[in-house]
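To start, the structure under review is shown below, and the notes come after it.
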Amino acid sequence: MSLSLSATTEARWQKILDAYPEGRKRSAVIPMLIFAQDETGIITRELMEEIARRAEVEYLQVEEVVGFYSMLRKQPLGKYHVQVCTNISCMLAGGMELWQHACQSLHLGNKQTSKDGLISIEEVECMGACSWAPAIEVNYDFHHHVTPARFDEIIAEIKGKG
Amino acid sequence: MFNQPSPHEVKILTRRFGVENSFRIDVSLAHQGYEGLKKAIAMGADAVINEVKASALRGRGGAGFPTGMKWSFIPRTSPKPKYIVCNADESEPGTCKDRLLIQNDPHSLIEGIAIAGFTMNSNKGYIYVRGEYRYLISILETAIAEAYQHNFLGKNIQGTGWDFDLHVHSGAGAYECGEESALLNSLEGKRGTPRLKPPFPATHGLYQSPTLLNNVESFCAVTHIIRDGAAEFAKHGPEKSGGTRLMCISGHVQRPGVYELPLSTTLPFLINEVAGGLRPGRTLKAVQPGGSSSPILLPEECNVGLDFDSLAKAGTMAGSGGIVVLDDTADIVSYALRIIRFYQHESCGWCIPCREGTTWLKKILERLDRGEGSMKDVDLVGELAKNMFGRTFCALGDAAAWPTGSIVKKFRGEFETKLATYQAREISAELVTIG
Ligand SMILES: Cc1cc2nc3c(=O)[nH]c(=O)nc-3n(C[C@H](O)[C@H](O)[C@H](O)COP(=O)(O)O)c2cc1C
Ligand code: SF4
Ligand code: FES
């Protein structure tokens, strides 16, 4: 087995595999995929095979869910994935303009990644921050009331951290 | 980072918000945490269900189904395992309240789920959290571990002989997974497509076993209802829409935010008094009172109560409690397009009327938003929406058709103006080229 995951991901996998009744390990497939993707950045065939083995399901049963859920991906994105919401509440608060600003200032299109692999951007649906719009999420961190100027600051912070 | 509270709020579910470290169990216990569970155990299951019924609580996830009645449908004595599932998939555009409840007071949610577990004689519960709310998973897991330490979860809870385990399950991005039967498929590790109903989750839910499924806010409300009594809650709303709810107001108001308000609150009061009114010099154009799935209201239709029945009577719905306000600067054609882009993207593709209908609606609205096409296309949008409504496998199709149909019907003039403006511009551009 060449697939090796960190102890943290292994522990998360074990915890989730133990969460379901006897014979119901299939339930763990989606959480296992997303927890592993957090570490690996993408979902590979090898990863799906390993999950199929651990969750005691067919390989195809893993693959079919990967295609269904928008957060699961077979293509890598940036180390910092910047998601800009343009759904209704954000749109009314300048979310569309913010999205355009993101594309223009970073010279990237939807789901594209910068050459150094640091930043990718995506136009996303409502992320549950409607009353504090417009909102973005960088990986799993929320930012509320994001103006274009604030957006540039956030990007500068990301570049500083590397 | 979030909004300031309003003096008009009635803080029942949000009573511990703002208390330092409100997410910790010692703080929760210092503020009556888990008293509701202890009381439920002393009352017994039948009394708990009667209390929930008497509170007139209606589901806060979108459909507004009476919670006490739902609880009474679960075959509690079935020999099969019974499951409690909490819907924390919150993804209806306009809605951002479950996130706040979990972040500020995870113990009131755990307590409500435990009350349900005790009542249904269940030994297992799951909280299905949308994938994007990752930070909430660690908050919940810490809170659950604390609840185990204090024997509010685990084995022989509070000496009753009853065992109950609670787990957190992560979704991975799919609006459709908020629909209860799609959520159950997703929780079983499958694609998030809905199931044929009947049978209903009450009898054939998770792993084909009896399952009680409620929204985060519904479970939280139960905690406070059981602790303080049904009457204390019910009194804040009309007879059939009891209590307070977390109203998420967004869009063109001066103080957008999430506010806990009595269900007897009216829409004008929410906009003008709680949310600070419109921006100076602006006038109201429209309101979507129950998330992106709800039919739109014209200004003259806005003098309405925010409870479930008043909004239904006004031809729309209270839905998930997301109230989106549009002033005269809003471009309603672009707004309609943004709504349909969402539903087209989120349609699970299972049934043709929804898959094809949303795709067509998107194409036509894109054209209209560019100022192309004609008023015939506007009529076509209305026709398509009408033909979709009631013909799709799950309510997502209705949720796409209903607001869209209402927008083209009520704002026909705006479509006309947009087309006329663009076409006039094109003609003058052409004249310039010819000249
Ligand atoms: C397309 C669709 C999306 C939904 N999304 C959610 C959601 O994100 N959260 C939620 O609680 N209910 C959602 N619902 C409603 C659920 O199906 C279900 O009615 C609700 O969770 C039941 O809980 P309640 O009775 O406490 O409201 C959705 C329904 C549909 C049709
Ligand atoms: S209505 Fe839409 S979301 Fe629902 S089953 Fe049909 S295609 Fe899927
Ligand atoms: S509409 Fe952008 S967060 Fe809800």
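In the structure tokens, chains take letters A, B, ... by order of appearance, with residues numbered from 1 within each chain and ligands from 1 in the order shown.
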Please return as an mmCIF file with N, CA and C atoms, in the first residue's frame the residues found within 6 Å of ligand 1, counting only C-alpha atoms and all ligand atoms.
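Produced file pocket-v5.cif, reproduced below:
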data_model
loop_
_atom_site.group_PDB
_atom_site.id
_atom_site.type_symbol
_atom_site.label_atom_id
_atom_site.label_comp_id
_atom_site.auth_asym_id
_atom_site.auth_seq_id
_atom_site.Cartn_x
_atom_site.Cartn_y
_atom_site.Cartn_z
ATOM 1 N N GLY B 59 -41.907 23.221 12.009
ATOM 2 C CA GLY B 59 -40.557 22.949 11.539
ATOM 3 C C GLY B 59 -39.890 24.171 10.926
ATOM 4 N N ARG B 60 -38.658 24.425 11.336
ATOM 5 C CA ARG B 60 -37.950 25.616 10.885
ATOM 6 C C ARG B 60 -37.081 25.358 9.654
ATOM 7 N N GLY B 61 -37.162 24.140 9.088
ATOM 8 C CA GLY B 61 -36.304 23.814 7.950
ATOM 9 C C GLY B 61 -36.839 24.300 6.621
ATOM 10 N N GLY B 62 -38.132 24.571 6.548
ATOM 11 C CA GLY B 62 -38.673 25.071 5.296
ATOM 12 C C GLY B 62 -40.145 24.742 5.092
ATOM 13 N N ALA B 63 -40.545 23.530 5.452
ATOM 14 C CA ALA B 63 -41.917 23.122 5.147
ATOM 15 C C ALA B 63 -42.914 23.566 6.211
ATOM 16 N N GLY B 64 -42.440 23.885 7.399
ATOM 17 C CA GLY B 64 -43.338 24.380 8.444
ATOM 18 C C GLY B 64 -44.299 23.346 8.987
ATOM 19 N N PHE B 65 -43.915 22.080 8.925
ATOM 20 C CA PHE B 65 -44.792 21.018 9.420
ATOM 21 C C PHE B 65 -44.826 21.045 10.954
ATOM 22 N N THR B 67 -44.251 20.273 14.492
ATOM 23 C CA THR B 67 -43.239 19.365 15.023
ATOM 24 C C THR B 67 -43.842 18.299 15.944
ATOM 25 N N ASN B 87 -30.997 17.931 10.627
ATOM 26 C CA ASN B 87 -30.674 18.531 9.339
ATOM 27 C C ASN B 87 -29.929 19.857 9.571
ATOM 28 N N ALA B 88 -28.608 19.791 9.436
ATOM 29 C CA ALA B 88 -27.777 21.002 9.541
ATOM 30 C C ALA B 88 -27.116 21.240 8.189
ATOM 31 N N ASP B 89 -27.903 21.014 7.136
ATOM 32 C CA ASP B 89 -27.379 21.187 5.779
ATOM 33 C C ASP B 89 -27.555 22.628 5.301
ATOM 34 N N GLU B 90 -28.206 23.432 6.113
ATOM 35 C CA GLU B 90 -28.503 24.835 5.785
ATOM 36 C C GLU B 90 -27.889 25.342 4.481
ATOM 37 N N SER B 91 -28.709 25.378 3.424
ATOM 38 C CA SER B 91 -28.179 25.939 2.173
ATOM 39 C C SER B 91 -29.216 26.645 1.322
ATOM 40 N N GLU B 92 -30.361 26.954 1.917
ATOM 41 C CA GLU B 92 -31.364 27.736 1.187
ATOM 42 C C GLU B 92 -30.870 29.180 1.082
ATOM 43 N N TYR B 175 -27.013 21.113 -2.506
ATOM 44 C CA TYR B 175 -28.226 21.710 -1.917
ATOM 45 C C TYR B 175 -29.315 20.650 -1.748
ATOM 46 N N GLU B 176 -29.414 19.762 -2.730
ATOM 47 C CA GLU B 176 -30.471 18.761 -2.710
ATOM 48 C C GLU B 176 -30.419 17.891 -1.452
ATOM 49 N N GLY B 178 -30.343 18.774 1.423
ATOM 50 C CA GLY B 178 -31.162 19.330 2.491
ATOM 51 C C GLY B 178 -32.560 18.726 2.487
ATOM 52 N N GLU B 179 -32.987 18.225 1.343
ATOM 53 C CA GLU B 179 -34.296 17.558 1.247
ATOM 54 C C GLU B 179 -34.182 16.264 2.039
ATOM 55 N N GLU B 180 -35.180 15.990 2.880
ATOM 56 C CA GLU B 180 -34.982 14.958 3.891
ATOM 57 C C GLU B 180 -34.632 13.570 3.344
ATOM 58 N N LEU B 213 -36.608 13.281 11.734
ATOM 59 C CA LEU B 213 -35.693 14.242 11.121
ATOM 60 C C LEU B 213 -36.232 15.654 11.319
ATOM 61 N N ASN B 214 -35.418 16.491 11.941
ATOM 62 C CA ASN B 214 -35.789 17.892 12.123
ATOM 63 C C ASN B 214 -34.609 18.804 11.831
ATOM 64 N N ASN B 215 -34.955 20.036 11.624
ATOM 65 C CA ASN B 215 -33.972 21.102 11.412
ATOM 66 C C ASN B 215 -33.295 21.464 12.749
ATOM 67 N N SER B 218 -35.388 23.676 14.980
ATOM 68 C CA SER B 218 -36.528 22.973 15.580
ATOM 69 C C SER B 218 -36.089 22.227 16.842
ATOM 70 N N ALA B 395 -39.424 18.574 -4.102
ATOM 71 C CA ALA B 395 -39.828 19.974 -4.014
ATOM 72 C C ALA B 395 -38.807 20.947 -4.596
ATOM 73 N N LEU B 396 -37.620 20.470 -4.992
ATOM 74 C CA LEU B 396 -36.658 21.399 -5.589
ATOM 75 C C LEU B 396 -37.211 21.985 -6.879
#
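Near region 13-19 of chain B, within a cut-off of 7 Å and counting only C-alpha atoms, sit the residues Ser22, Asn104, Asp105, Cys220 and Ala221 of chain B, with same-chain residues fewer than 3 positions away left out.
Restricting the calculation to only C-alpha atoms, the smallest distance between chain A and any of B:Ala174, B:Ala42, B:Ile137, B:Ile25 is found for B:Ala174.
Here CA of Ala143 (chain B) and CA of Ile110 (chain B) stand 8.1 Å from one another.
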**OP:** Would you list, as a PyMOL selection string, the residues of region 25-158 of chain A that end up in alpha helix (DSSP H) under DSSP run on this structure's backbone?
**Re:** chain A and resi 29-40+45-55+59-68+88-92+95-106+148-158
Subject >> Shell of 8 Å around ligand 3 (only C-alpha atoms and all ligand atoms), written as a ChimeraX atom specification >> reply: /A:85-91,95,125-136 /B:91-96
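The space between CA of Asp327 (chain B) and CA of Leu278 (chain B) spans 7.4 Å.
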Subject >> DSSP strand (DSSP E or B) residues within region 38-232 of chain B, as a ChimeraX atom specification >> reply: /B:58,66,83-88,124-129,154,164-170,211-215
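Checking B:Phe415, B:Tyr343, B:Phe200, B:Phe164 one by one against ligand 2, counting only C-alpha atoms and all ligand atoms, you find the shortest gap at B:Tyr343.
Nearest-residue note for ligand 2: choosing from A:Phe68, A:Ile121, A:Arg150, A:Gln104, the minimum distance belongs to A:Phe68, counting only C-alpha atoms and all ligand atoms.
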**OP:** May I have the residues within 12 Å of Met71 (chain A) as a VMD selection string, using only C-alpha atoms and disregarding those fewer than 2 positions away in the same chain?
**Re:** (chain A and resid 30 to 31 33 to 35 37 to 38 41 to 43 65 to 69 73 to 77 81 83 111 122 124 to 125 139 to 140) or (chain B and resid 130 to 134 170 to 175)
Sorted by chain and rising residue number, list the residues of chain B at most 7 Å from ligand 2 (counting only C-alpha atoms and all ligand atoms), each with its closest atom pair and distance in Å to one decimal, as a Markdown table.
| residue | atom | partner | partner_atom_place_in_ligand_line | distance |
| --- | --- | --- | --- | --- |
| B:Glu176 | CA | ligand 2 | 3 (S) | 5.9 |
| B:Thr193 | CA | ligand 2 | 8 (Fe) | 6.1 |
| B:Pro194 | CA | ligand 2 | 5 (S) | 5.7 |
| B:Glu346 | CA | ligand 2 | 3 (S) | 6.9 |
| B:Ser347 | CA | ligand 2 | 3 (S) | 4.2 |
| B:Cys348 | CA | ligand 2 | 8 (Fe) | 3.9 |
| B:Gly349 | CA | ligand 2 | 7 (S) | 4.0 |
| B:Trp350 | CA | ligand 2 | 7 (S) | 4.1 |
| B:Cys351 | CA | ligand 2 | 6 (Fe) | 4.0 |
| B:Ile352 | CA | ligand 2 | 7 (S) | 6.4 |
| B:Cys354 | CA | ligand 2 | 2 (Fe) | 4.5 |
| B:Arg355 | CA | ligand 2 | 7 (S) | 5.0 |
| B:Thr392 | CA | ligand 2 | 1 (S) | 4.5 |
| B:Phe393 | CA | ligand 2 | 6 (Fe) | 4.5 |
| B:Cys394 | CA | ligand 2 | 4 (Fe) | 3.9 |
| B:Ala395 | CA | ligand 2 | 1 (S) | 5.9 |
| B:Leu396 | CA | ligand 2 | 1 (S) | 4.8 |
| B:Gly397 | CA | ligand 2 | 1 (S) | 4.1 |
Residues from last step as file, C-alpha atoms, as a PDB file, in the first residue's frame:
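Done, and the output landed in part25.pdb:
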ATOM      1  CA  GLU B 176     -30.471  18.761  -2.710  1.00  0.00           C
ATOM      2  CA  THR B 193     -31.101  11.935  -4.820  1.00  0.00           C
ATOM      3  CA  PRO B 194     -34.524  11.874  -3.186  1.00  0.00           C
ATOM      4  CA  GLU B 346     -28.344  22.135  -7.856  1.00  0.00           C
ATOM      5  CA  SER B 347     -30.931  20.040  -9.717  1.00  0.00           C
ATOM      6  CA  CYS B 348     -29.883  16.465  -9.014  1.00  0.00           C
ATOM      7  CA  GLY B 349     -30.915  15.454 -12.538  1.00  0.00           C
ATOM      8  CA  TRP B 350     -33.149  12.622 -11.383  1.00  0.00           C
ATOM      9  CA  CYS B 351     -36.352  13.731 -13.087  1.00  0.00           C
ATOM     10  CA  ILE B 352     -36.820  15.333 -16.480  1.00  0.00           C
ATOM     11  CA  CYS B 354     -36.717  19.679 -13.222  1.00  0.00           C
ATOM     12  CA  ARG B 355     -33.507  18.875 -15.093  1.00  0.00           C
ATOM     13  CA  THR B 392     -41.277  17.138 -10.334  1.00  0.00           C
ATOM     14  CA  PHE B 393     -40.133  14.289  -8.152  1.00  0.00           C
ATOM     15  CA  CYS B 394     -39.164  16.455  -5.197  1.00  0.00           C
ATOM     16  CA  ALA B 395     -39.828  19.974  -4.014  1.00  0.00           C
ATOM     17  CA  LEU B 396     -36.658  21.399  -5.589  1.00  0.00           C
ATOM     18  CA  GLY B 397     -38.481  21.628  -8.898  1.00  0.00           C
TER      19      GLY B 397
END
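One finds CA of Glu50 (chain A) at 16.9 Å from CA of Arg24 (chain A).
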Subject >> Close residues, Glu372 (chain B) itself excluded, 9 Å, only C-alpha atoms, min 6 positions apart in chain, as a PyMOL selection string >> reply: chain B and resi 366+419+422-423
**OP:** Using only C-alpha atoms, determine which residues lie at most 6 Å from region 304-315 of chain B, disregarding the query and same-chain residues fewer than 6 positions distant; provide the list as a list in words.
**Re:** Ser241, Leu263, Thr265, Thr266 and Leu267 of chain B
Grab the residues selected above and save them as a PDB file, in the first residue's frame with N, CA, C and O atoms.
ATOM      1  N   SER B 241     -48.776  29.072  14.807  1.00  0.00           N
ATOM      2  CA  SER B 241     -47.360  29.289  14.497  1.00  0.00           C
ATOM      3  C   SER B 241     -46.685  29.761  15.774  1.00  0.00           C
ATOM      4  O   SER B 241     -46.433  30.937  15.954  1.00  0.00           O
ATOM      5  N   LEU B 263     -43.109  35.170  16.248  1.00  0.00           N
ATOM      6  CA  LEU B 263     -43.753  34.900  14.960  1.00  0.00           C
ATOM      7  C   LEU B 263     -44.948  35.813  14.721  1.00  0.00           C
ATOM      8  O   LEU B 263     -45.519  35.813  13.640  1.00  0.00           O
ATOM      9  N   THR B 265     -44.526  38.932  14.623  1.00  0.00           N
ATOM     10  CA  THR B 265     -43.929  40.118  14.000  1.00  0.00           C
ATOM     11  C   THR B 265     -44.437  40.275  12.559  1.00  0.00           C
ATOM     12  O   THR B 265     -44.652  39.291  11.867  1.00  0.00           O
ATOM     13  N   THR B 266     -44.597  41.527  12.126  1.00  0.00           N
ATOM     14  CA  THR B 266     -45.002  41.745  10.740  1.00  0.00           C
ATOM     15  C   THR B 266     -43.776  42.098   9.893  1.00  0.00           C
ATOM     16  O   THR B 266     -42.753  42.551  10.415  1.00  0.00           O
ATOM     17  N   LEU B 267     -43.930  41.920   8.596  1.00  0.00           N
ATOM     18  CA  LEU B 267     -42.830  42.213   7.680  1.00  0.00           C
ATOM     19  C   LEU B 267     -42.421  43.697   7.704  1.00  0.00           C
ATOM     20  O   LEU B 267     -41.214  43.993   7.794  1.00  0.00           O
TER      21      LEU B 267
END
Original post:
Pick from A:Arg26, A:Arg12, A:Lys161, A:Arg45: nearest to chain B, with only C-alpha atoms counted?
Top reply: A:Arg26
Subject >> Shell of 12 Å around Glu10 (chain A), only C-alpha atoms, local chain residues under 2 positions omitted, as number ranges by chain >> reply: A: 3-8, 12-17, 32-33, 35-36, 39, 50-51, 54
Export of prior selection with C-alpha atoms as a PDB file, in the first residue's frame:
ATOM      1  CA  LEU A   3      -1.192   5.489   0.091  1.00  0.00           C
ATOM      2  CA  SER A   4      -0.160   6.997   3.357  1.00  0.00           C
ATOM      3  CA  LEU A   5      -2.211   9.540   5.208  1.00  0.00           C
ATOM      4  CA  SER A   6      -1.353  11.575   8.271  1.00  0.00           C
ATOM      5  CA  ALA A   7      -2.199  10.333  11.734  1.00  0.00           C
ATOM      6  CA  THR A   8      -4.867  13.050  11.990  1.00  0.00           C
ATOM      7  CA  ARG A  12     -10.727  10.954  11.647  1.00  0.00           C
ATOM      8  CA  TRP A  13     -11.338   7.951   9.413  1.00  0.00           C
ATOM      9  CA  GLN A  14     -11.395   5.591  12.354  1.00  0.00           C
ATOM     10  CA  LYS A  15     -13.798   7.804  14.271  1.00  0.00           C
ATOM     11  CA  ILE A  16     -16.214   8.073  11.359  1.00  0.00           C
ATOM     12  CA  LEU A  17     -15.996   4.353  10.526  1.00  0.00           C
ATOM     13  CA  MET A  32     -13.859   9.832   4.517  1.00  0.00           C
ATOM     14  CA  LEU A  33     -13.480  11.325   1.058  1.00  0.00           C
ATOM     15  CA  PHE A  35     -11.433  14.413   5.230  1.00  0.00           C
ATOM     16  CA  ALA A  36      -8.804  12.795   3.015  1.00  0.00           C
ATOM     17  CA  GLU A  39      -5.035  16.536   3.251  1.00  0.00           C
ATOM     18  CA  GLU A  50      -8.524   2.490  -0.201  1.00  0.00           C
ATOM     19  CA  ILE A  51     -11.842   3.950   0.970  1.00  0.00           C
ATOM     20  CA  ARG A  54     -12.015   0.263   4.441  1.00  0.00           C
TER      21      ARG A  54
END
Original post:
What lies within 9 Å of Pro81 (chain B) using only C-alpha atoms, ignoring chain neighbours under 4 positions off, as number ranges by chain?
Top reply: B: 121-124, 209-211
Write the residues of the preceding selection, restricted to N, CA, C and O atoms, as an mmCIF file, in the first residue's frame.
data_model
loop_
_atom_site.group_PDB
_atom_site.id
_atom_site.type_symbol
_atom_site.label_atom_id
_atom_site.label_comp_id
_atom_site.auth_asym_id
_atom_site.auth_seq_id
_atom_site.Cartn_x
_atom_site.Cartn_y
_atom_site.Cartn_z
ATOM 1 N N ASN B 121 -37.263 6.611 22.211
ATOM 2 C CA ASN B 121 -36.606 5.378 22.622
ATOM 3 C C ASN B 121 -35.551 4.980 21.583
ATOM 4 O O ASN B 121 -35.453 3.830 21.177
ATOM 5 N N SER B 122 -34.782 5.980 21.170
ATOM 6 C CA SER B 122 -33.743 5.782 20.160
ATOM 7 C C SER B 122 -32.385 5.693 20.845
ATOM 8 O O SER B 122 -32.179 6.249 21.920
ATOM 9 N N ASN B 123 -31.460 4.995 20.200
ATOM 10 C CA ASN B 123 -30.104 4.878 20.750
ATOM 11 C C ASN B 123 -29.052 5.548 19.881
ATOM 12 O O ASN B 123 -27.867 5.480 20.189
ATOM 13 N N LYS B 124 -29.486 6.147 18.780
ATOM 14 C CA LYS B 124 -28.485 6.729 17.887
ATOM 15 C C LYS B 124 -29.007 7.958 17.160
ATOM 16 O O LYS B 124 -30.126 7.956 16.646
ATOM 17 N N SER B 209 -35.326 2.285 8.685
ATOM 18 C CA SER B 209 -35.864 2.225 10.043
ATOM 19 C C SER B 209 -36.588 3.522 10.394
ATOM 20 O O SER B 209 -36.374 4.545 9.749
ATOM 21 N N PRO B 210 -37.425 3.486 11.449
ATOM 22 C CA PRO B 210 -38.114 4.719 11.850
ATOM 23 C C PRO B 210 -37.123 5.834 12.151
ATOM 24 O O PRO B 210 -36.142 5.621 12.868
ATOM 25 N N THR B 211 -37.361 7.005 11.593
ATOM 26 C CA THR B 211 -36.404 8.104 11.719
ATOM 27 C C THR B 211 -37.133 9.422 11.954
ATOM 28 O O THR B 211 -38.059 9.768 11.224
#
